[in-house]
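K.L.:
Pasting entry.cif here (mmCIF, C-alpha atoms):
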data_entry
#
loop_
_atom_site.label_atom_id
_atom_site.label_comp_id
_atom_site.auth_asym_id
_atom_site.auth_seq_id
_atom_site.Cartn_x
_atom_site.Cartn_y
_atom_site.Cartn_z
CA MET T 1 63.85 41.80 -29.10
CA ASN T 2 65.02 40.04 -25.95
CA ASN T 3 62.95 36.94 -25.19
CA LYS T 4 65.46 35.31 -22.85
CA LYS T 5 65.22 35.27 -19.10
CA ILE T 6 66.65 38.43 -17.56
CA ILE T 7 69.64 37.68 -15.34
CA VAL T 8 69.19 39.39 -11.97
CA ILE T 9 72.34 39.99 -9.95
CA ALA T 10 72.00 40.97 -6.30
CA GLU T 11 75.05 43.14 -5.66
CA ALA T 12 76.24 42.49 -2.12
CA GLY T 13 79.47 44.32 -2.87
CA VAL T 14 81.10 45.24 0.42
CA ASN T 15 77.87 45.27 2.41
CA HIS T 16 79.18 42.30 4.39
CA ASN T 17 81.40 44.78 6.30
CA GLY T 18 84.19 42.21 6.25
CA ASP T 19 82.14 39.76 8.33
CA ILE T 20 81.62 36.28 6.87
CA ALA T 21 78.47 35.77 8.96
CA ILE T 22 76.89 38.87 7.41
CA ALA T 23 78.03 37.71 3.98
CA ARG T 24 76.28 34.36 4.47
CA LYS T 25 73.10 36.15 5.55
CA LEU T 26 73.29 38.18 2.34
CA VAL T 27 73.44 34.92 0.39
CA ASP T 28 70.37 33.68 2.28
CA VAL T 29 68.44 36.85 1.42
CA ALA T 30 69.44 36.79 -2.25
CA ALA T 31 68.54 33.11 -2.61
CA ALA T 32 65.17 33.65 -0.94
CA ALA T 33 64.42 36.55 -3.29
CA GLY T 34 64.99 34.33 -6.33
CA VAL T 35 67.88 36.19 -7.94
CA ASP T 36 70.18 34.36 -10.34
CA TYR T 37 73.47 35.50 -8.82
CA ILE T 38 74.84 37.25 -5.77
CA LYS T 39 77.96 39.30 -6.42
CA PHE T 40 80.70 40.39 -4.07
CA GLN T 41 83.90 42.39 -4.66
CA THR T 42 87.43 41.00 -4.73
CA PHE T 43 90.41 43.26 -4.13
CA LYS T 44 93.49 43.90 -2.07
CA ALA T 45 93.47 47.43 -0.76
CA ASN T 46 97.20 47.85 -1.32
CA LEU T 47 96.77 46.99 -5.04
CA LEU T 48 93.62 49.03 -5.52
CA VAL T 49 94.35 52.40 -3.95
CA SER T 50 97.27 54.48 -2.74
CA PRO T 51 97.42 55.08 1.04
CA SER T 52 96.72 58.80 0.72
CA ALA T 53 93.65 58.56 -1.57
CA LYS T 54 90.56 60.25 -0.14
CA MET T 55 87.18 58.59 -0.02
CA ALA T 56 84.62 59.45 -2.69
CA SER T 57 82.07 62.07 -1.68
CA TYR T 58 79.28 59.51 -1.22
CA GLN T 59 81.59 57.44 0.99
CA GLN T 60 82.38 60.50 3.11
CA LYS T 61 78.66 61.20 3.52
CA ALA T 62 78.04 57.63 4.64
CA MET T 63 81.06 57.21 6.91
CA GLY T 64 82.44 60.62 7.79
CA GLN T 65 85.85 61.90 6.72
CA ASN T 66 88.12 60.38 9.35
CA LYS T 67 89.42 57.56 7.12
CA THR T 68 91.26 57.29 3.83
CA GLN T 69 90.00 55.02 1.06
CA TYR T 70 92.84 52.64 1.89
CA GLU T 71 91.81 52.38 5.54
CA MET T 72 88.16 51.87 4.63
CA LEU T 73 88.83 49.23 1.98
CA SER T 74 91.31 47.36 4.16
CA GLU T 75 88.43 46.60 6.53
CA LEU T 76 86.21 45.38 3.68
CA GLU T 77 88.46 42.83 2.00
CA LEU T 78 87.28 39.25 1.63
CA SER T 79 90.08 36.76 2.20
CA ASN T 80 90.62 33.87 -0.20
CA GLU T 81 89.19 31.53 2.41
CA MET T 82 86.04 33.67 2.68
CA HIS T 83 85.63 33.37 -1.09
CA TYR T 84 85.78 29.59 -0.88
CA VAL T 85 83.25 29.55 1.94
CA LEU T 86 80.84 31.83 0.10
CA SER T 87 81.21 30.01 -3.21
CA ASP T 88 80.40 26.69 -1.52
CA TYR T 89 77.53 28.24 0.42
CA CYS T 90 76.03 29.62 -2.78
CA LYS T 91 76.08 26.12 -4.26
CA GLN T 92 74.18 24.87 -1.20
CA LYS T 93 71.63 27.63 -1.63
CA LYS T 94 71.38 27.03 -5.40
CA ILE T 95 72.35 30.57 -6.33
CA GLY T 96 75.18 31.64 -8.62
CA PHE T 97 78.29 33.14 -7.05
CA LEU T 98 80.02 36.10 -8.70
CA SER T 99 82.58 38.66 -7.63
CA THR T 100 84.13 41.68 -9.29
CA GLY T 101 87.92 41.62 -9.41
CA PHE T 102 89.40 45.10 -9.20
CA ASP T 103 92.92 44.16 -10.30
CA ILE T 104 94.60 41.47 -12.37
CA ASP T 105 95.72 39.43 -9.37
CA SER T 106 92.15 39.39 -8.07
CA VAL T 107 90.85 38.30 -11.46
CA LYS T 108 93.42 35.50 -11.56
CA PHE T 109 92.15 34.26 -8.23
CA LEU T 110 88.50 34.47 -9.32
CA LEU T 111 89.29 32.39 -12.40
CA SER T 112 90.17 29.54 -10.05
CA LEU T 113 86.57 29.63 -8.78
CA ASP T 114 85.17 28.89 -12.26
CA LEU T 115 82.77 31.83 -12.43
CA ASP T 116 80.16 32.15 -15.19
CA PHE T 117 81.04 35.81 -15.79
CA LEU T 118 83.94 38.16 -15.25
CA LYS T 119 82.64 41.56 -14.16
CA ILE T 120 84.50 44.74 -15.11
CA PRO T 121 83.55 47.61 -12.79
CA SER T 122 83.03 51.13 -14.06
CA GLY T 123 86.28 52.34 -12.52
CA GLU T 124 88.36 49.89 -14.59
CA ILE T 125 86.86 50.64 -18.01
CA THR T 126 89.96 52.65 -18.97
CA ASN T 127 92.46 50.20 -17.42
CA ILE T 128 93.95 48.82 -20.64
CA PRO T 129 96.28 46.16 -19.12
CA TYR T 130 93.38 44.91 -16.99
CA LEU T 131 91.05 44.81 -20.01
CA ARG T 132 93.64 42.98 -22.08
CA TYR T 133 94.00 40.32 -19.41
CA ILE T 134 90.25 39.79 -19.14
CA GLY T 135 89.92 39.73 -22.93
CA LYS T 136 92.24 36.71 -23.07
CA GLN T 137 89.95 34.63 -20.87
CA LYS T 138 87.14 32.41 -22.13
CA ASN T 139 84.53 33.67 -19.66
CA LYS T 140 81.52 35.74 -20.59
CA ILE T 141 82.08 39.38 -19.65
CA ILE T 142 79.92 42.03 -18.00
CA ILE T 143 81.20 45.60 -18.15
CA SER T 144 79.72 48.60 -16.33
CA THR T 145 79.96 51.99 -18.00
CA GLY T 146 79.47 54.52 -15.21
CA MET T 147 81.48 57.72 -15.81
CA ALA T 148 82.41 56.51 -19.32
CA SER T 149 81.98 58.33 -22.63
CA PHE T 150 80.91 56.53 -25.77
CA GLY T 151 84.48 56.75 -27.00
CA GLU T 152 85.75 55.03 -23.86
CA ILE T 153 83.15 52.28 -24.20
CA GLU T 154 84.26 51.72 -27.78
CA ILE T 155 87.93 51.55 -26.79
CA ALA T 156 87.15 49.08 -24.00
CA LEU T 157 85.16 46.82 -26.32
CA ASN T 158 87.81 46.95 -29.02
CA THR T 159 90.50 46.15 -26.44
CA LEU T 160 88.59 43.11 -25.18
CA GLU T 161 87.98 41.91 -28.73
CA SER T 162 91.60 42.41 -29.73
CA MET T 163 92.56 39.83 -27.11
CA GLY T 164 90.03 37.26 -28.27
CA ALA T 165 86.77 38.16 -26.51
CA LYS T 166 83.67 37.79 -28.67
CA ARG T 167 81.25 40.69 -28.71
CA LYS T 168 78.32 38.28 -28.46
CA ASN T 169 79.70 37.21 -25.07
CA ILE T 170 79.94 40.77 -23.70
CA THR T 171 77.09 42.50 -21.90
CA VAL T 172 77.40 46.25 -21.41
CA LEU T 173 75.63 47.70 -18.39
CA HIS T 174 74.44 51.27 -18.46
CA CYS T 175 75.23 52.84 -15.09
CA THR T 176 75.31 56.18 -13.29
CA THR T 177 78.15 56.23 -10.78
CA GLU T 178 76.69 57.96 -7.78
CA TYR T 179 75.31 56.40 -4.60
CA PRO T 180 72.40 56.91 -4.72
CA ALA T 181 72.05 58.03 -8.34
CA PRO T 182 69.58 60.92 -8.80
CA MET T 183 66.67 60.08 -11.08
CA GLN T 184 67.39 63.03 -13.36
CA ASP T 185 70.87 61.61 -14.03
CA VAL T 186 69.79 58.05 -14.88
CA ASN T 187 69.11 58.66 -18.61
CA LEU T 188 67.88 55.08 -18.97
CA ARG T 189 67.34 55.28 -22.73
CA VAL T 190 71.12 55.36 -23.14
CA MET T 191 70.98 51.62 -22.48
CA GLU T 192 69.12 51.11 -25.76
CA VAL T 193 71.46 53.46 -27.60
CA ILE T 194 74.50 51.49 -26.37
CA GLY T 195 72.99 48.28 -27.70
CA ASP T 196 72.26 49.81 -31.10
CA ALA T 197 75.61 51.58 -31.36
CA PHE T 198 77.87 48.67 -30.42
CA GLY T 199 75.82 45.58 -31.27
CA VAL T 200 76.05 44.15 -27.77
CA ASN T 201 73.72 42.74 -25.17
CA VAL T 202 72.83 45.47 -22.71
CA GLY T 203 71.72 45.71 -19.12
CA TYR T 204 71.51 48.09 -16.23
CA SER T 205 73.49 48.50 -13.03
CA ASP T 206 71.08 50.32 -10.74
CA HIS T 207 72.32 52.75 -8.09
CA THR T 208 69.01 54.59 -7.65
CA ILE T 209 66.86 54.52 -4.55
CA GLY T 210 63.94 52.13 -4.97
CA ILE T 211 63.27 49.47 -7.58
CA GLU T 212 61.26 51.18 -10.31
CA VAL T 213 64.21 51.98 -12.59
CA SER T 214 65.33 48.34 -12.59
CA ILE T 215 61.79 47.33 -13.55
CA ALA T 216 61.75 49.94 -16.33
CA ALA T 217 65.10 48.62 -17.58
CA ALA T 218 63.57 45.16 -17.81
CA ALA T 219 60.79 46.55 -20.00
CA LEU T 220 63.32 48.36 -22.21
CA GLY T 221 65.25 45.18 -23.00
CA ALA T 222 67.88 44.74 -20.29
CA THR T 223 69.36 41.23 -20.38
CA ILE T 224 71.10 41.69 -17.02
CA ILE T 225 70.02 43.82 -14.06
CA GLU T 226 72.34 44.42 -11.13
CA LYS T 227 71.13 46.02 -7.92
CA HIS T 228 72.90 46.74 -4.63
CA PHE T 229 71.21 45.28 -1.57
CA THR T 230 71.82 45.12 2.15
CA LEU T 231 70.42 43.51 5.25
CA ASP T 232 69.72 46.93 6.75
CA LYS T 233 70.24 50.40 5.24
CA SER T 234 71.20 51.78 8.67
CA MET T 235 74.30 49.59 8.96
CA ASP T 236 77.74 51.21 9.00
CA GLY T 237 79.52 51.11 5.66
CA PRO T 238 79.89 53.05 2.39
CA ASP T 239 77.12 51.43 0.33
CA HIS T 240 74.31 50.47 2.71
CA GLN T 241 72.35 53.71 2.40
CA ALA T 242 72.20 53.43 -1.40
CA SER T 243 71.13 49.76 -1.32
CA ILE T 244 67.72 48.15 -1.08
CA GLU T 245 66.62 45.97 1.82
CA PRO T 246 65.39 42.35 1.56
CA SER T 247 61.68 43.15 1.11
CA ASP T 248 62.45 45.43 -1.83
CA LEU T 249 64.75 42.84 -3.38
CA ILE T 250 61.91 40.31 -3.27
CA ASN T 251 59.51 42.80 -4.84
CA MET T 252 62.02 43.79 -7.51
CA VAL T 253 62.65 40.21 -8.62
CA ALA T 254 58.91 39.44 -8.69
CA SER T 255 58.25 42.56 -10.75
CA ILE T 256 61.01 41.77 -13.23
CA ARG T 257 59.67 38.25 -13.69
CA ASN T 258 56.19 39.68 -14.31
CA ILE T 259 57.63 42.07 -16.88
CA GLU T 260 59.30 39.14 -18.64
CA LYS T 261 55.93 37.41 -18.94
CA ALA T 262 54.14 40.58 -19.99
CA MET T 263 56.61 41.57 -22.74
CA GLY T 264 55.94 38.42 -24.77
CA ASP T 265 57.34 37.88 -28.27
CA GLY T 266 55.78 40.81 -30.13
CA VAL T 267 53.44 38.64 -32.24
CA LYS T 268 49.85 39.91 -32.12
CA ARG T 269 47.56 36.99 -31.43
CA ILE T 270 44.28 36.34 -29.62
CA SER T 271 45.13 34.60 -26.38
CA ALA T 272 43.14 31.69 -24.99
CA ILE T 273 41.75 33.85 -22.20
CA GLU T 274 40.66 36.47 -24.75
CA GLN T 275 38.87 33.82 -26.79
CA ALA T 276 36.87 32.91 -23.71
CA ASN T 277 35.86 36.55 -23.22
CA LYS T 278 34.99 37.40 -26.82
CA ILE T 279 31.40 36.18 -26.70
CA ALA T 280 30.64 38.05 -23.47
CA THR T 281 32.22 41.37 -24.46
CA ARG T 282 31.70 41.64 -28.22
CA LYS T 283 28.36 42.31 -29.93
CA SER T 284 26.05 40.82 -32.51
CA ILE T 285 23.47 42.25 -34.90
CA VAL T 286 20.00 41.89 -33.35
CA ALA T 287 16.46 43.09 -33.93
CA LYS T 288 15.85 46.48 -32.36
CA LYS T 289 12.10 45.71 -32.28
CA ARG T 290 9.69 43.17 -33.71
CA ILE T 291 10.38 42.62 -37.41
CA LYS T 292 7.95 40.91 -39.75
CA LYS T 293 8.98 38.62 -42.53
CA GLY T 294 9.54 40.65 -45.72
CA GLU T 295 10.50 43.91 -43.96
CA ILE T 296 13.67 45.62 -45.13
CA LEU T 297 16.40 45.52 -42.50
CA SER T 298 17.63 49.02 -41.69
CA GLU T 299 19.17 51.10 -38.94
CA GLU T 300 15.61 51.71 -37.71
CA ASN T 301 14.85 48.09 -36.94
CA ILE T 302 18.22 46.46 -36.17
CA SER T 303 20.67 47.13 -33.37
CA ILE T 304 24.04 45.94 -32.08
CA LYS T 305 24.15 44.33 -28.63
CA ARG T 306 26.03 41.82 -26.55
CA PRO T 307 26.66 38.88 -26.55
CA GLY T 308 28.90 38.30 -29.55
CA ASP T 309 27.66 34.84 -30.56
CA GLY T 310 25.77 36.05 -33.62
CA ILE T 311 26.70 37.99 -36.75
CA SER T 312 29.48 40.44 -36.02
CA PRO T 313 28.77 44.14 -36.66
CA LEU T 314 31.80 43.94 -38.96
CA PHE T 315 29.29 42.62 -41.50
CA ILE T 316 26.57 45.25 -40.97
CA ASP T 317 26.74 46.30 -44.62
CA LEU T 318 25.79 42.76 -45.69
CA ILE T 319 22.63 43.00 -43.58
CA LEU T 320 21.36 46.49 -44.32
CA GLY T 321 18.87 46.57 -47.17
CA LYS T 322 18.10 42.86 -47.07
CA LYS T 323 14.58 41.47 -46.64
CA ALA T 324 13.82 39.62 -43.47
CA LEU T 325 13.07 36.00 -44.37
CA LYS T 326 11.44 35.32 -41.03
CA ASP T 327 9.75 37.08 -38.16
CA TYR T 328 12.12 38.41 -35.49
CA MET T 329 11.36 39.18 -31.87
CA GLU T 330 13.01 42.18 -30.21
CA ASN T 331 16.67 41.39 -29.35
CA GLU T 332 16.63 38.19 -31.42
CA LYS T 333 19.88 37.65 -33.34
CA ILE T 334 19.64 38.30 -37.05
CA ILE T 335 20.52 35.25 -39.14
CA LEU T 336 22.33 35.50 -42.48
CA MET T 337 21.22 32.84 -44.92
CA GLU T 338 23.53 31.10 -47.38
CA ASP T 339 22.00 33.07 -50.25
CA GLY T 340 22.87 36.32 -48.52
CA ASN T 341 19.39 37.10 -47.25
CA ALA T 342 18.54 37.52 -43.58
#
Render the structure in this file as structure tokens.
P.N.:
Amino acid sequence: MNNKKIIVIAEAGVNHNGDIAIARKLVDVAAAAGVDYIKFQTFKANLLVSPSAKMASYQQKAMGQNKTQYEMLSELELSNEMHYVLSDYCKQKKIGFLSTGFDIDSVKFLLSLDLDFLKIPSGEITNIPYLRYIGKQKNKIIISTGMASFGEIEIALNTLESMGAKRKNITVLHCTTEYPAPMQDVNLRVMEVIGDAFGVNVGYSDHTIGIEVSIAAAALGATIIEKHFTLDKSMDGPDHQASIEPSDLINMVASIRNIEKAMGDGVKRISAIEQANKIATRKSIVAKKRIKKGEILSEENISIKRPGDGISPLFIDLILGKKALKDYMENEKIILMEDGNA
């Protein structure tokens, strides 16, 4: 059972459109929403994709088909200087800074920024040299599993461990790689299965429209939730349409924090507020009508009514058949004497 605070990552990704001013506004929004981290993406287009590679279908829908992946990504790179600016700005705003490195050179650069986590994106889960490099580092690791089979997840985890990574420091995010991800393809219970199968912390990288699946993931035991967000879904760019806007980010974080409180520790106990309500809502054994001293107490002359400040109906069998040792008015609470009489 997960009783720790859920880490919420606001995935800015490339929704800055290559503009540092937009990126800073994204930091402002994430900090105001109360997330733990904002995450960007670190890559060099020439190391990530060949010049002739076509855009993914969701990217074509969002942007048209007049660009290659290389051309699109070239416009979305964050320079090293932009990383420094954003990292410093996050410190000012008291929010954690993260970025996903899509190649070894990018990861090397991110290591110089002293990040709390290294994030492995879904597309790199089969990139063995990349995994080996990350496995050598001392950082905690987050790995997304979109498009991956269980066998590929196992190979990735074994590769990371073979280079020194500890499984306890790896969080595996269930993910459906489509933007937006259709609800029928989410299969959220796989998150739990991954945790049981591999003995790892689990979380959810949410590409669905809306916030309800992230909230459900929190209830199912996610330790990390990652969600794409944007300043405005109508902005130009590949990921804006599948991202949530600031108001939804605020609502999502608030809902996740409420779920944390509501899940508790699994120990059944009577809360303080319940104790205060017990007398008003539970019942006591009372006289159904006037009872004279010496009468036998029976279902004909006793009843069960609120409030619950008398003898509980749990003990009805101790009352039935006893002689009344005093006169009772209608609705008067029955008293059980020390000798067992009433």
K.L.:
Could you tell me, as a PyMOL selection string, exactly which residues end up selected when the PyMOL selection byres ((chain T and resi 304) around 8) is applied to this structure?
P.N.:
chain T and resi 283-286+302-303+305-306+313
K.L.:
If you measure from CA of Arg269 (chain T) to CA of Arg257 (chain T), what distance in Å do you get, rounded to one decimal?
P.N.:
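We find that CA of Arg269 (chain T) and CA of Arg257 (chain T) lie 21.5 Å from each other.
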K.L.:
Would you kindly translate the PyMOL selection byres ((chain T and resi 131) around 12) into the concrete residues it picks from this file, as a ChimeraX atom specification?
P.N.:
/T:101-104,107,118-130,132-137,141-143,153,155-165
K.L.:
Which residues, written as a PDB file with C-alpha atoms, in the coordinates of the input, have at least one atom at most 12 Å from Asp105 (chain T), with all atoms listed in the file counted and residues fewer than 3 positions away on the same chain left out?
P.N.:
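The resulting selection_4.pdb:
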ATOM      1  CA  THR T  42      87.430  41.000  -4.730  1.00  0.00           C
ATOM      2  CA  PHE T  43      90.410  43.260  -4.130  1.00  0.00           C
ATOM      3  CA  LYS T  44      93.490  43.900  -2.070  1.00  0.00           C
ATOM      4  CA  ALA T  45      93.470  47.430  -0.760  1.00  0.00           C
ATOM      5  CA  ASN T  46      97.200  47.850  -1.320  1.00  0.00           C
ATOM      6  CA  LEU T  47      96.770  46.990  -5.040  1.00  0.00           C
ATOM      7  CA  LEU T  48      93.620  49.030  -5.520  1.00  0.00           C
ATOM      8  CA  ASN T  80      90.620  33.870  -0.200  1.00  0.00           C
ATOM      9  CA  THR T 100      84.130  41.680  -9.290  1.00  0.00           C
ATOM     10  CA  GLY T 101      87.920  41.620  -9.410  1.00  0.00           C
ATOM     11  CA  PHE T 102      89.400  45.100  -9.200  1.00  0.00           C
ATOM     12  CA  LYS T 108      93.420  35.500 -11.560  1.00  0.00           C
ATOM     13  CA  PHE T 109      92.150  34.260  -8.230  1.00  0.00           C
ATOM     14  CA  LEU T 110      88.500  34.470  -9.320  1.00  0.00           C
ATOM     15  CA  LEU T 111      89.290  32.390 -12.400  1.00  0.00           C
ATOM     16  CA  SER T 112      90.170  29.540 -10.050  1.00  0.00           C
ATOM     17  CA  PRO T 129      96.280  46.160 -19.120  1.00  0.00           C
ATOM     18  CA  TYR T 130      93.380  44.910 -16.990  1.00  0.00           C
ATOM     19  CA  TYR T 133      94.000  40.320 -19.410  1.00  0.00           C
ATOM     20  CA  ILE T 134      90.250  39.790 -19.140  1.00  0.00           C
TER      21      ILE T 134
END
K.L.:
For a quick check of understanding, using only C-alpha atoms, which of T:Leu76, T:Ile319, T:Met337, T:Ile250 has the smallest distance to His16 (chain T)?
P.N.:
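So, comparing all the options, the nearest one is T:Leu76.
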K.L.:
Grab the CA of Asn341 (chain T) to CA of Thr281 (chain T) distance for me, in Å with one decimal place.
P.N.:
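Taking CA of Asn341 (chain T) as the start and CA of Thr281 (chain T) as the end point, the length is 26.5 Å.
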